[in-house]
$ cat final.csv   # CSV, C-alpha atoms and all ligand atoms
chain,number,residue,atom,x,y,z
A,1,MET,CA,0.0,0.0,0.0
A,2,GLU,CA,1.3,3.4,-0.9
A,3,HIS,CA,2.3,5.4,2.1
A,4,VAL,CA,0.9,8.9,2.2
A,5,SER,CA,2.8,11.1,4.5
A,6,ARG,CA,1.1,13.6,6.6
A,7,ARG,CA,2.8,16.3,4.7
A,8,ASP,CA,1.6,15.0,1.3
A,9,PHE,CA,-1.9,14.6,2.6
A,10,THR,CA,-2.0,18.2,3.9
A,11,GLN,CA,-0.8,19.5,0.6
A,12,GLN,CA,-3.4,17.5,-1.3
A,13,ALA,CA,-6.1,18.7,1.1
A,14,LEU,CA,-5.0,22.3,0.7
A,15,GLY,CA,-5.0,21.8,-3.1
A,16,SER,CA,-8.7,20.8,-3.0
A,17,LEU,CA,-9.5,23.7,-0.6
A,18,LEU,CA,-7.9,26.1,-3.0
A,19,THR,CA,-9.9,24.7,-5.9
A,20,PHE,CA,-13.1,25.1,-4.0
A,21,THR,CA,-12.2,28.6,-2.9
A,22,LEU,CA,-11.4,29.6,-6.5
A,23,LEU,CA,-14.7,28.2,-7.7
A,24,ASP,CA,-16.5,29.9,-4.9
A,25,THR,CA,-15.0,33.2,-5.8
A,26,LEU,CA,-15.8,32.8,-9.4
A,27,PHE,CA,-19.5,32.1,-8.6
A,28,GLN,CA,-19.7,35.0,-6.2
A,29,ARG,CA,-18.3,37.3,-8.9
A,30,ASP,CA,-21.1,36.1,-11.2
A,31,ALA,CA,-18.6,34.7,-13.7
A,32,PHE,CA,-21.5,32.6,-15.0
A,33,ALA,CA,-24.2,35.3,-14.6
A,34,ASP,CA,-25.9,34.6,-17.9
A,35,GLU,CA,-26.0,30.9,-17.5
A,36,ILE,CA,-29.4,30.0,-16.0
A,37,LYS,CA,-29.7,26.3,-16.0
A,38,PRO,CA,-32.2,24.8,-18.4
A,39,ILE,CA,-33.8,22.9,-15.4
A,40,THR,CA,-34.7,26.3,-13.9
A,41,ALA,CA,-36.4,27.4,-17.2
A,42,LYS,CA,-38.3,24.1,-17.2
A,43,TRP,CA,-39.2,24.7,-13.5
A,44,LEU,CA,-40.8,28.0,-14.4
A,45,ALA,CA,-42.6,26.4,-17.4
A,46,ASP,CA,-43.9,23.8,-14.9
A,47,VAL,CA,-45.1,26.5,-12.4
A,48,ASN,CA,-46.9,28.2,-15.3
A,49,GLN,CA,-48.5,25.0,-16.6
A,50,LEU,CA,-49.7,24.2,-13.1
A,51,GLY,CA,-51.4,27.6,-13.0
A,52,VAL,CA,-53.0,26.9,-16.4
A,53,ASP,CA,-54.3,23.6,-15.2
A,54,LEU,CA,-55.8,25.3,-12.1
A,55,LYS,CA,-57.6,27.8,-14.2
A,56,ASP,CA,-58.8,25.0,-16.6
A,57,GLU,CA,-60.0,23.1,-13.5
A,58,LYS,CA,-57.8,20.2,-14.4
A,59,VAL,CA,-56.2,20.7,-11.0
A,60,LYS,CA,-58.1,21.5,-7.8
A,61,GLN,CA,-56.9,24.2,-5.5
A,62,LEU,CA,-55.7,21.7,-2.8
A,63,GLU,CA,-53.8,19.8,-5.4
A,64,TRP,CA,-52.3,23.0,-6.7
A,65,GLN,CA,-51.1,23.8,-3.2
A,66,LYS,CA,-49.4,20.5,-2.8
A,67,LYS,CA,-47.8,20.6,-6.3
A,68,ILE,CA,-46.6,24.2,-6.1
A,69,LEU,CA,-45.0,23.5,-2.7
A,70,GLU,CA,-43.1,20.5,-4.3
A,71,LEU,CA,-41.9,22.7,-7.1
A,72,TYR,CA,-40.9,25.5,-4.7
A,73,GLN,CA,-38.9,23.0,-2.7
A,74,GLN,CA,-37.1,21.8,-5.8
A,75,VAL,CA,-36.1,25.1,-7.2
A,76,ASP,CA,-32.4,26.2,-7.4
A,77,LEU,CA,-32.7,29.4,-5.4
A,78,PRO,CA,-29.6,31.2,-6.8
A,79,ASP,CA,-30.8,30.4,-10.3
A,80,LEU,CA,-34.3,31.7,-9.6
A,81,MET,CA,-32.8,34.9,-8.1
A,82,GLN,CA,-30.8,35.3,-11.3
A,83,LEU,CA,-33.9,34.7,-13.4
A,84,VAL,CA,-35.6,37.7,-11.7
A,85,ASP,CA,-32.4,39.7,-11.7
A,86,PHE,CA,-32.5,39.9,-8.0
A,87,ASP,CA,-29.2,41.8,-7.5
A,88,LYS,CA,-30.4,44.7,-9.7
A,89,LEU,CA,-34.0,44.6,-8.3
A,90,SER,CA,-32.9,44.8,-4.7
A,91,LYS,CA,-30.2,47.4,-5.1
A,92,ASN,CA,-30.8,50.8,-3.5
A,93,ILE,CA,-34.4,50.2,-2.7
A,94,ASP,CA,-36.2,52.1,0.0
A,95,LEU,CA,-37.7,49.8,2.5
A,96,PRO,CA,-41.0,51.1,3.9
A,97,GLU,CA,-41.3,52.0,7.6
A,98,HIS,CA,-44.5,49.9,7.8
A,99,GLY,CA,-45.7,47.0,5.8
A,100,ALA,CA,-44.0,45.5,2.8
A,101,ARG,CA,-42.9,47.0,-0.5
A,102,SER,CA,-44.1,45.2,-3.6
A,103,LEU,CA,-41.5,45.1,-6.3
A,104,SER,CA,-42.6,44.2,-9.8
A,105,PHE,CA,-40.2,42.3,-12.0
A,106,LYS,CA,-39.9,40.4,-15.3
A,107,PHE,CA,-38.3,37.0,-15.7
A,108,GLN,CA,-35.2,37.1,-17.9
A,109,GLN,CA,-36.1,36.0,-21.4
A,110,ILE,CA,-34.2,32.8,-22.0
A,111,ASP,CA,-35.0,29.6,-23.9
A,112,GLY,CA,-37.8,27.7,-22.4
A,113,ILE,CA,-39.3,30.5,-20.3
A,114,PRO,CA,-42.9,31.2,-21.1
A,115,THR,CA,-43.1,34.7,-22.4
A,116,LYS,CA,-46.5,35.2,-20.7
A,117,GLN,CA,-47.4,33.8,-17.4
A,118,VAL,CA,-50.9,32.8,-16.3
A,119,PHE,CA,-50.1,33.9,-12.7
A,120,GLY,CA,-49.4,37.3,-11.2
A,121,LYS,CA,-46.1,37.9,-9.4
A,122,GLN,CA,-44.2,40.2,-7.2
A,123,ILE,CA,-41.4,40.3,-4.7
A,124,PHE,CA,-42.0,41.7,-1.2
A,125,ALA,CA,-39.2,43.6,0.5
A,126,LEU,CA,-39.4,44.4,4.2
A,127,LYS,CA,-37.4,45.9,7.1
A,128,LYS,CA,-36.9,43.9,10.2
A,129,GLY,CA,-40.0,43.7,12.4
A,130,ARG,CA,-42.3,44.7,9.5
A,131,SER,CA,-45.0,42.4,8.0
A,132,VAL,CA,-46.9,41.3,5.1
A,133,VAL,CA,-50.0,42.0,7.2
A,134,PRO,CA,-52.5,39.2,8.1
A,135,HIS,CA,-55.0,38.8,5.3
A,136,GLY,CA,-57.1,36.3,3.4
A,137,HIS,CA,-58.1,36.1,-0.2
A,138,ASN,CA,-61.2,35.4,-2.3
A,139,ASN,CA,-61.1,33.2,-5.3
A,140,MET,CA,-57.3,33.0,-5.4
A,141,ALA,CA,-54.4,30.6,-4.8
A,142,THR,CA,-51.0,32.0,-3.9
A,143,ALA,CA,-47.6,30.8,-2.8
A,144,PHE,CA,-44.7,32.4,-0.9
A,145,LEU,CA,-41.0,31.5,-1.3
A,146,ILE,CA,-38.5,33.2,0.9
A,147,LEU,CA,-35.6,34.5,-1.1
A,148,LYS,CA,-33.6,36.2,1.6
A,149,GLY,CA,-33.9,36.9,5.3
A,150,GLU,CA,-35.8,35.2,8.1
A,151,PHE,CA,-39.5,35.4,8.8
A,152,GLN,CA,-42.1,34.3,11.3
A,153,GLY,CA,-44.8,32.9,9.1
A,154,ARG,CA,-48.3,32.2,10.2
A,155,HIS,CA,-51.3,30.7,8.5
A,156,PHE,CA,-54.9,30.2,9.5
A,157,ASP,CA,-57.8,28.2,8.1
A,158,ARG,CA,-60.8,30.4,7.3
A,159,LEU,CA,-63.7,28.5,8.8
A,160,GLU,CA,-66.6,30.8,8.6
A,161,ASP,CA,-67.4,34.3,7.3
A,162,LEU,CA,-69.6,36.5,9.5
A,163,ASP,CA,-70.8,40.0,8.9
A,164,LYS,CA,-68.0,41.8,10.6
A,165,HIS,CA,-65.8,38.8,11.6
A,166,MET,CA,-64.0,35.8,10.2
A,167,ILE,CA,-63.7,32.6,12.3
A,168,ILE,CA,-60.2,31.3,11.8
A,169,ARG,CA,-57.9,28.6,13.3
A,170,PRO,CA,-54.1,28.7,13.4
A,171,THR,CA,-52.5,26.0,11.2
A,172,ILE,CA,-48.9,27.2,10.7
A,173,ASP,CA,-46.7,29.2,13.0
A,174,GLN,CA,-43.0,28.8,12.3
A,175,LYS,CA,-39.7,30.3,11.2
A,176,PHE,CA,-39.0,30.5,7.5
A,177,GLY,CA,-35.6,31.1,6.0
A,178,PRO,CA,-34.4,31.2,2.4
A,179,GLY,CA,-36.0,28.4,0.4
A,180,GLY,CA,-38.9,28.2,2.9
A,181,CYS,CA,-42.3,28.2,1.4
A,182,SER,CA,-46.1,28.1,2.1
A,183,THR,CA,-49.3,28.3,0.1
A,184,VAL,CA,-52.8,29.7,0.4
A,185,SER,CA,-56.1,28.7,-1.3
A,186,ASP,CA,-59.8,29.1,-0.7
A,187,PHE,CA,-59.8,25.7,1.0
A,188,LYS,CA,-56.7,25.5,3.2
A,189,ASP,CA,-54.3,27.8,5.1
A,190,ASN,CA,-56.4,30.7,3.6
A,191,VAL,CA,-55.0,33.5,5.8
A,192,HIS,CA,-51.3,34.3,5.9
A,193,TRP,CA,-49.1,36.7,7.8
A,194,PHE,CA,-45.3,37.0,7.4
A,195,GLN,CA,-43.2,39.1,9.8
A,196,ALA,CA,-39.5,39.8,8.9
A,197,LEU,CA,-37.1,38.8,11.6
A,198,SER,CA,-34.1,40.3,9.8
A,199,GLU,CA,-33.5,42.9,7.1
A,200,PRO,CA,-33.6,43.3,4.2
A,201,ALA,CA,-36.0,40.4,3.8
A,202,PHE,CA,-37.5,39.3,0.5
A,203,ILE,CA,-40.4,37.0,-0.5
A,204,PHE,CA,-41.1,35.7,-4.0
A,205,ASN,CA,-44.8,35.5,-4.6
A,206,ILE,CA,-47.0,34.1,-7.3
A,207,HIS,CA,-50.8,34.2,-7.4
A,208,VAL,CA,-53.4,32.7,-9.6
A,209,ASP,CA,-56.4,35.1,-9.6
A,210,ASN,CA,-60.1,34.7,-10.3
A,211,ILE,CA,-59.9,30.9,-10.3
A,212,ASN,CA,-63.6,30.4,-10.5
A,213,PRO,CA,-65.1,33.1,-12.9
A,214,ASN,CA,-68.6,32.3,-11.7
A,215,SER,CA,-67.9,32.7,-8.0
A,216,GLY,CA,-69.1,36.4,-8.0
A,217,LYS,CA,-66.3,37.1,-5.5
A,218,SER,CA,-63.5,39.3,-6.9
A,219,THR,CA,-60.0,38.4,-6.1
A,220,GLY,CA,-58.5,40.6,-3.5
A,221,ARG,CA,-57.3,40.8,0.1
A,222,VAL,CA,-59.5,40.6,3.1
A,223,TYR,CA,-57.8,42.1,6.1
A,224,LEU,CA,-58.5,40.9,9.6
A,225,ASP,CA,-57.2,41.1,13.2
A,226,PRO,CA,-56.1,37.6,14.2
A,227,ASN,CA,-55.7,38.8,17.8
A,228,GLY,CA,-59.4,38.3,18.5
A,229,GLU,CA,-61.7,36.5,20.9
A,230,LYS,CA,-60.6,32.9,21.6
A,231,LEU,CA,-63.4,30.4,20.9
A,232,SER,CA,-63.5,26.6,21.5
A,233,ASP,CA,-61.2,24.2,19.6
A,234,GLY,CA,-58.5,26.8,19.0
A,235,ARG,CA,-60.8,28.9,16.9
A,236,ILE,CA,-60.5,32.7,16.9
A,237,LYS,CA,-63.2,35.3,16.2
A,238,ALA,CA,-61.2,37.8,14.1
A,239,ARG,CA,-62.5,41.2,13.4
A,240,LEU,CA,-62.5,42.3,9.8
A,241,ILE,CA,-60.6,45.6,9.4
A,242,ASP,CA,-59.4,47.9,6.6
A,243,TYR,CA,-55.9,48.2,5.2
A,244,ASP,CA,-55.0,51.3,7.2
A,245,GLU,CA,-55.9,49.7,10.5
A,246,SER,CA,-54.1,46.5,9.6
A,247,ASN,CA,-51.0,48.4,8.6
A,248,LYS,CA,-51.1,50.3,11.9
A,249,LEU,CA,-51.5,47.2,14.0
A,250,TYR,CA,-49.3,44.8,12.1
A,251,GLY,CA,-47.4,46.6,9.3
B,1,FE,FE,-51.8,37.2,0.2

$ encode --input "final.csv" --output "structure tokens"
Amino acid sequence: MEHVSRRDFTQQALGSLLTFTLLDTLFQRDAFADEIKPITAKWLADVNQLGVDLKDEKVKQLEWQKKILELYQQVDLPDLMQLVDFDKLSKNIDLPEHGARSLSFKFQQIDGIPTKQVFGKQIFALKKGRSVVPHGHNNMATAFLILKGEFQGRHFDRLEDLDKHMIIRPTIDQKFGPGGCSTVSDFKDNVHWFQALSEPAFIFNIHVDNINPNSGKSTGRVYLDPNGEKLSDGRIKARLIDYDESNKLYG
């Protein structure tokens, strides 16, 4: 057996370390900036197709939630950030004192990227302590993916609509870091609330609007105060509020 001296071994190990360090530096300096992997283009095409299937009622909302979560969990985060030109988008932005700033963006046009998407999209940018305030939606399915920063993310099931209240029950209350994701539909985890624990903090968001054109309910946010009267079985009687009050209380 060949004898490897401690000295040789150390030199070899150092050699590998140097290679890794060099590669690391090259990536950090965006040496491959224009090279978004085909798998990420395919990923976005899959996300879009899933939205088309939801609109065409080939996929139910609960199934969409499960599948979009799987897709979000598979995505190459650095690639996605490149696809939305995150460095440019997040440079020199003014973060609001309350609430979240919604940044609009376009996907880089590369082979395999659908030129038009069936879903709406935005990136939220927040200061530490600020929130995407608690709200539900009507006739809409949406999904969050943390790009940068840490969040406390909370979801609630919407159990009942009353005149001036919504009966909700907490379903998710956990920390989310980069790559963390969650979904909302008319059937499960309907209400969400994300508070930034660090800054700047960014959330990638897509939403499929007006899923059922016959529902009579227009897509939009419904603001509520989840700090409401505690009922049996973990339910909460949450007061419906307007955006200004929500922003004051939770933004
Ligand atoms: Fe939302």

$ residues_around --input "final.csv" --residues "region 176-179 of chain A" --least-positions-apart "2" --cutoff "6 Å" --atoms "only C-alpha atoms" --output "ChimeraX atom specification"
/A:146-148,150-151

$ closest_residue --input "final.csv" --among "A:Leu162, A:Asp244, A:Phe187, A:Val132" --to "ligand FE 1 (chain B)" --atoms "only C-alpha atoms and all ligand atoms"
A:Val132

$ closest_atom_pairs --input "final.csv" --of "chain A" --to "ligand FE 1 (chain B)" --cutoff "8 Å" --atoms "all atoms listed in the file" --output "CSV"
residue,atom,partner,partner_atom,distance
A:His135,CA,B:FE1,FE,6.2
A:Gly136,CA,B:FE1,FE,6.3
A:His137,CA,B:FE1,FE,6.4
A:Thr142,CA,B:FE1,FE,6.7
A:Val184,CA,B:FE1,FE,7.6
A:Val191,CA,B:FE1,FE,7.4
A:His192,CA,B:FE1,FE,6.4
A:Arg221,CA,B:FE1,FE,6.6

$ residues_around --input "final.csv" --residues "region 64-79 of chain A" --least-positions-apart "3" --cutoff "6 Å" --atoms "all atoms listed in the file" --output "count of residues only"
4

$ closest_residue --input "final.csv" --among "A:Lys42, A:Lys88, A:His155, A:His207" --to "Lys121 (chain A)" --atoms "only C-alpha atoms"
A:His207

$ residues_around --input "final.csv" --residues "Ser182 (chain A)" --least-positions-apart "3" --cutoff "8 Å" --atoms "only C-alpha atoms" --output "PyMOL selection string"
chain A and resi 69+143-145

$ write_last_selection --input "final.csv" --atoms "C-alpha atoms" --output "PDB file, keeping the file's coordinate frame"
ATOM      1  CA  LEU A  69     -45.000  23.500  -2.700  1.00  0.00           C
ATOM      2  CA  ALA A 143     -47.600  30.800  -2.800  1.00  0.00           C
ATOM      3  CA  PHE A 144     -44.700  32.400  -0.900  1.00  0.00           C
ATOM      4  CA  LEU A 145     -41.000  31.500  -1.300  1.00  0.00           C
TER       5      LEU A 145
END

$ atom_distance --input "final.csv" --atom1 "CA of Asp186 (chain A)" --atom2 "CA of Asn139 (chain A)"
6.3 Å

$ closest_residue --input "final.csv" --among "A:Lys91, A:Lys37, A:Lys127, A:Lys60" --to "Gly251 (chain A)" --atoms "all atoms listed in the file"
A:Lys127

$ closest_residue --input "final.csv" --among "A:Glu57, A:Ala125, A:Gly112, A:Asn190" --to "Glu160 (chain A)" --atoms "all atoms listed in the file"
A:Asn190

$ residues_around --input "final.csv" --residues "region 228-241 of chain A" --least-positions-apart "3" --cutoff "8 Å" --atoms "only C-alpha atoms" --output "PDB file with C-alpha atoms, in the coordinates of the input"
ATOM      1  CA  LYS A 164     -68.000  41.800  10.600  1.00  0.00           C
ATOM      2  CA  HIS A 165     -65.800  38.800  11.600  1.00  0.00           C
ATOM      3  CA  MET A 166     -64.000  35.800  10.200  1.00  0.00           C
ATOM      4  CA  ILE A 167     -63.700  32.600  12.300  1.00  0.00           C
ATOM      5  CA  ILE A 168     -60.200  31.300  11.800  1.00  0.00           C
ATOM      6  CA  ARG A 169     -57.900  28.600  13.300  1.00  0.00           C
ATOM      7  CA  PRO A 170     -54.100  28.700  13.400  1.00  0.00           C
ATOM      8  CA  VAL A 222     -59.500  40.600   3.100  1.00  0.00           C
ATOM      9  CA  TYR A 223     -57.800  42.100   6.100  1.00  0.00           C
ATOM     10  CA  LEU A 224     -58.500  40.900   9.600  1.00  0.00           C
ATOM     11  CA  ASP A 225     -57.200  41.100  13.200  1.00  0.00           C
ATOM     12  CA  GLU A 245     -55.900  49.700  10.500  1.00  0.00           C
ATOM     13  CA  SER A 246     -54.100  46.500   9.600  1.00  0.00           C
TER      14      SER A 246
END

$ residues_around --input "final.csv" --residues "Ala41 (chain A)" --least-positions-apart "2" --cutoff "10 Å" --atoms "only C-alpha atoms" --output "list of chain:residue names"
A:Ile36, A:Lys37, A:Pro38, A:Ile39, A:Trp43, A:Leu44, A:Ala45, A:Asp46, A:Val47, A:Asp79, A:Leu80, A:Leu83, A:Phe107, A:Gln108, A:Gln109, A:Ile110, A:Asp111, A:Gly112, A:Ile113, A:Pro114

$ atom_distance --input "final.csv" --atom1 "CA of Lys106 (chain A)" --atom2 "CA of Val84 (chain A)"
6.2 Å

$ closest_residue --input "final.csv" --among "A:Val59, A:Met81, A:Ala196, A:Ala141" --to "Gly120 (chain A)" --atoms "only C-alpha atoms"
A:Ala141

$ closest_residue --input "final.csv" --among "A:Pro134, A:Leu249, A:Gly99, A:Ser185" --to "Ile211 (chain A)" --atoms "all atoms listed in the file"
A:Ser185

$ atom_distance --input "final.csv" --atom1 "CA of Ala100 (chain A)" --atom2 "CA of Phe124 (chain A)"
5.9 Å

$ decode --input "final.csv" --residues "region 121-202 of chain A" --atoms "C-alpha atoms" --output "short mmCIF file (atom, residue, chain, number, x, y, z; two decimals), in the first residue's frame"
data_model
loop_
_atom_site.label_atom_id
_atom_site.label_comp_id
_atom_site.auth_asym_id
_atom_site.auth_seq_id
_atom_site.Cartn_x
_atom_site.Cartn_y
_atom_site.Cartn_z
CA LYS A 121 -46.14 37.87 -9.44
CA GLN A 122 -44.24 40.21 -7.16
CA ILE A 123 -41.40 40.27 -4.68
CA PHE A 124 -42.04 41.70 -1.22
CA ALA A 125 -39.25 43.63 0.47
CA LEU A 126 -39.35 44.38 4.19
CA LYS A 127 -37.45 45.85 7.07
CA LYS A 128 -36.88 43.85 10.23
CA GLY A 129 -40.02 43.65 12.36
CA ARG A 130 -42.32 44.70 9.52
CA SER A 131 -44.99 42.42 8.05
CA VAL A 132 -46.92 41.29 5.07
CA VAL A 133 -49.97 41.96 7.21
CA PRO A 134 -52.51 39.25 8.11
CA HIS A 135 -55.00 38.80 5.28
CA GLY A 136 -57.07 36.25 3.43
CA HIS A 137 -58.11 36.12 -0.20
CA ASN A 138 -61.17 35.39 -2.26
CA ASN A 139 -61.11 33.18 -5.30
CA MET A 140 -57.35 33.01 -5.44
CA ALA A 141 -54.43 30.65 -4.84
CA THR A 142 -51.04 31.99 -3.93
CA ALA A 143 -47.62 30.81 -2.79
CA PHE A 144 -44.70 32.41 -0.94
CA LEU A 145 -41.04 31.49 -1.29
CA ILE A 146 -38.46 33.17 0.95
CA LEU A 147 -35.58 34.54 -1.12
CA LYS A 148 -33.60 36.24 1.60
CA GLY A 149 -33.85 36.86 5.34
CA GLU A 150 -35.77 35.19 8.14
CA PHE A 151 -39.49 35.38 8.79
CA GLN A 152 -42.06 34.26 11.31
CA GLY A 153 -44.80 32.89 9.07
CA ARG A 154 -48.33 32.24 10.24
CA HIS A 155 -51.30 30.71 8.47
CA PHE A 156 -54.92 30.18 9.52
CA ASP A 157 -57.80 28.20 8.09
CA ARG A 158 -60.80 30.36 7.25
CA LEU A 159 -63.65 28.45 8.84
CA GLU A 160 -66.58 30.84 8.62
CA ASP A 161 -67.45 34.29 7.28
CA LEU A 162 -69.63 36.46 9.50
CA ASP A 163 -70.83 40.01 8.91
CA LYS A 164 -67.97 41.76 10.64
CA HIS A 165 -65.76 38.83 11.61
CA MET A 166 -64.04 35.80 10.23
CA ILE A 167 -63.72 32.61 12.28
CA ILE A 168 -60.20 31.29 11.84
CA ARG A 169 -57.95 28.60 13.33
CA PRO A 170 -54.13 28.68 13.37
CA THR A 171 -52.49 26.04 11.15
CA ILE A 172 -48.87 27.15 10.72
CA ASP A 173 -46.68 29.23 13.04
CA GLN A 174 -42.99 28.76 12.35
CA LYS A 175 -39.74 30.35 11.24
CA PHE A 176 -39.02 30.49 7.53
CA GLY A 177 -35.58 31.06 6.03
CA PRO A 178 -34.35 31.21 2.41
CA GLY A 179 -36.03 28.45 0.39
CA GLY A 180 -38.88 28.17 2.92
CA CYS A 181 -42.33 28.22 1.36
CA SER A 182 -46.05 28.09 2.06
CA THR A 183 -49.32 28.32 0.14
CA VAL A 184 -52.84 29.74 0.40
CA SER A 185 -56.08 28.67 -1.26
CA ASP A 186 -59.80 29.13 -0.72
CA PHE A 187 -59.79 25.74 1.04
CA LYS A 188 -56.68 25.49 3.21
CA ASP A 189 -54.33 27.81 5.10
CA ASN A 190 -56.44 30.67 3.65
CA VAL A 191 -55.02 33.49 5.77
CA HIS A 192 -51.31 34.34 5.90
CA TRP A 193 -49.09 36.75 7.81
CA PHE A 194 -45.32 37.00 7.45
CA GLN A 195 -43.20 39.11 9.78
CA ALA A 196 -39.55 39.78 8.91
CA LEU A 197 -37.06 38.83 11.64
CA SER A 198 -34.07 40.28 9.76
CA GLU A 199 -33.47 42.88 7.07
CA PRO A 200 -33.59 43.31 4.23
CA ALA A 201 -35.97 40.40 3.83
CA PHE A 202 -37.53 39.28 0.55
#
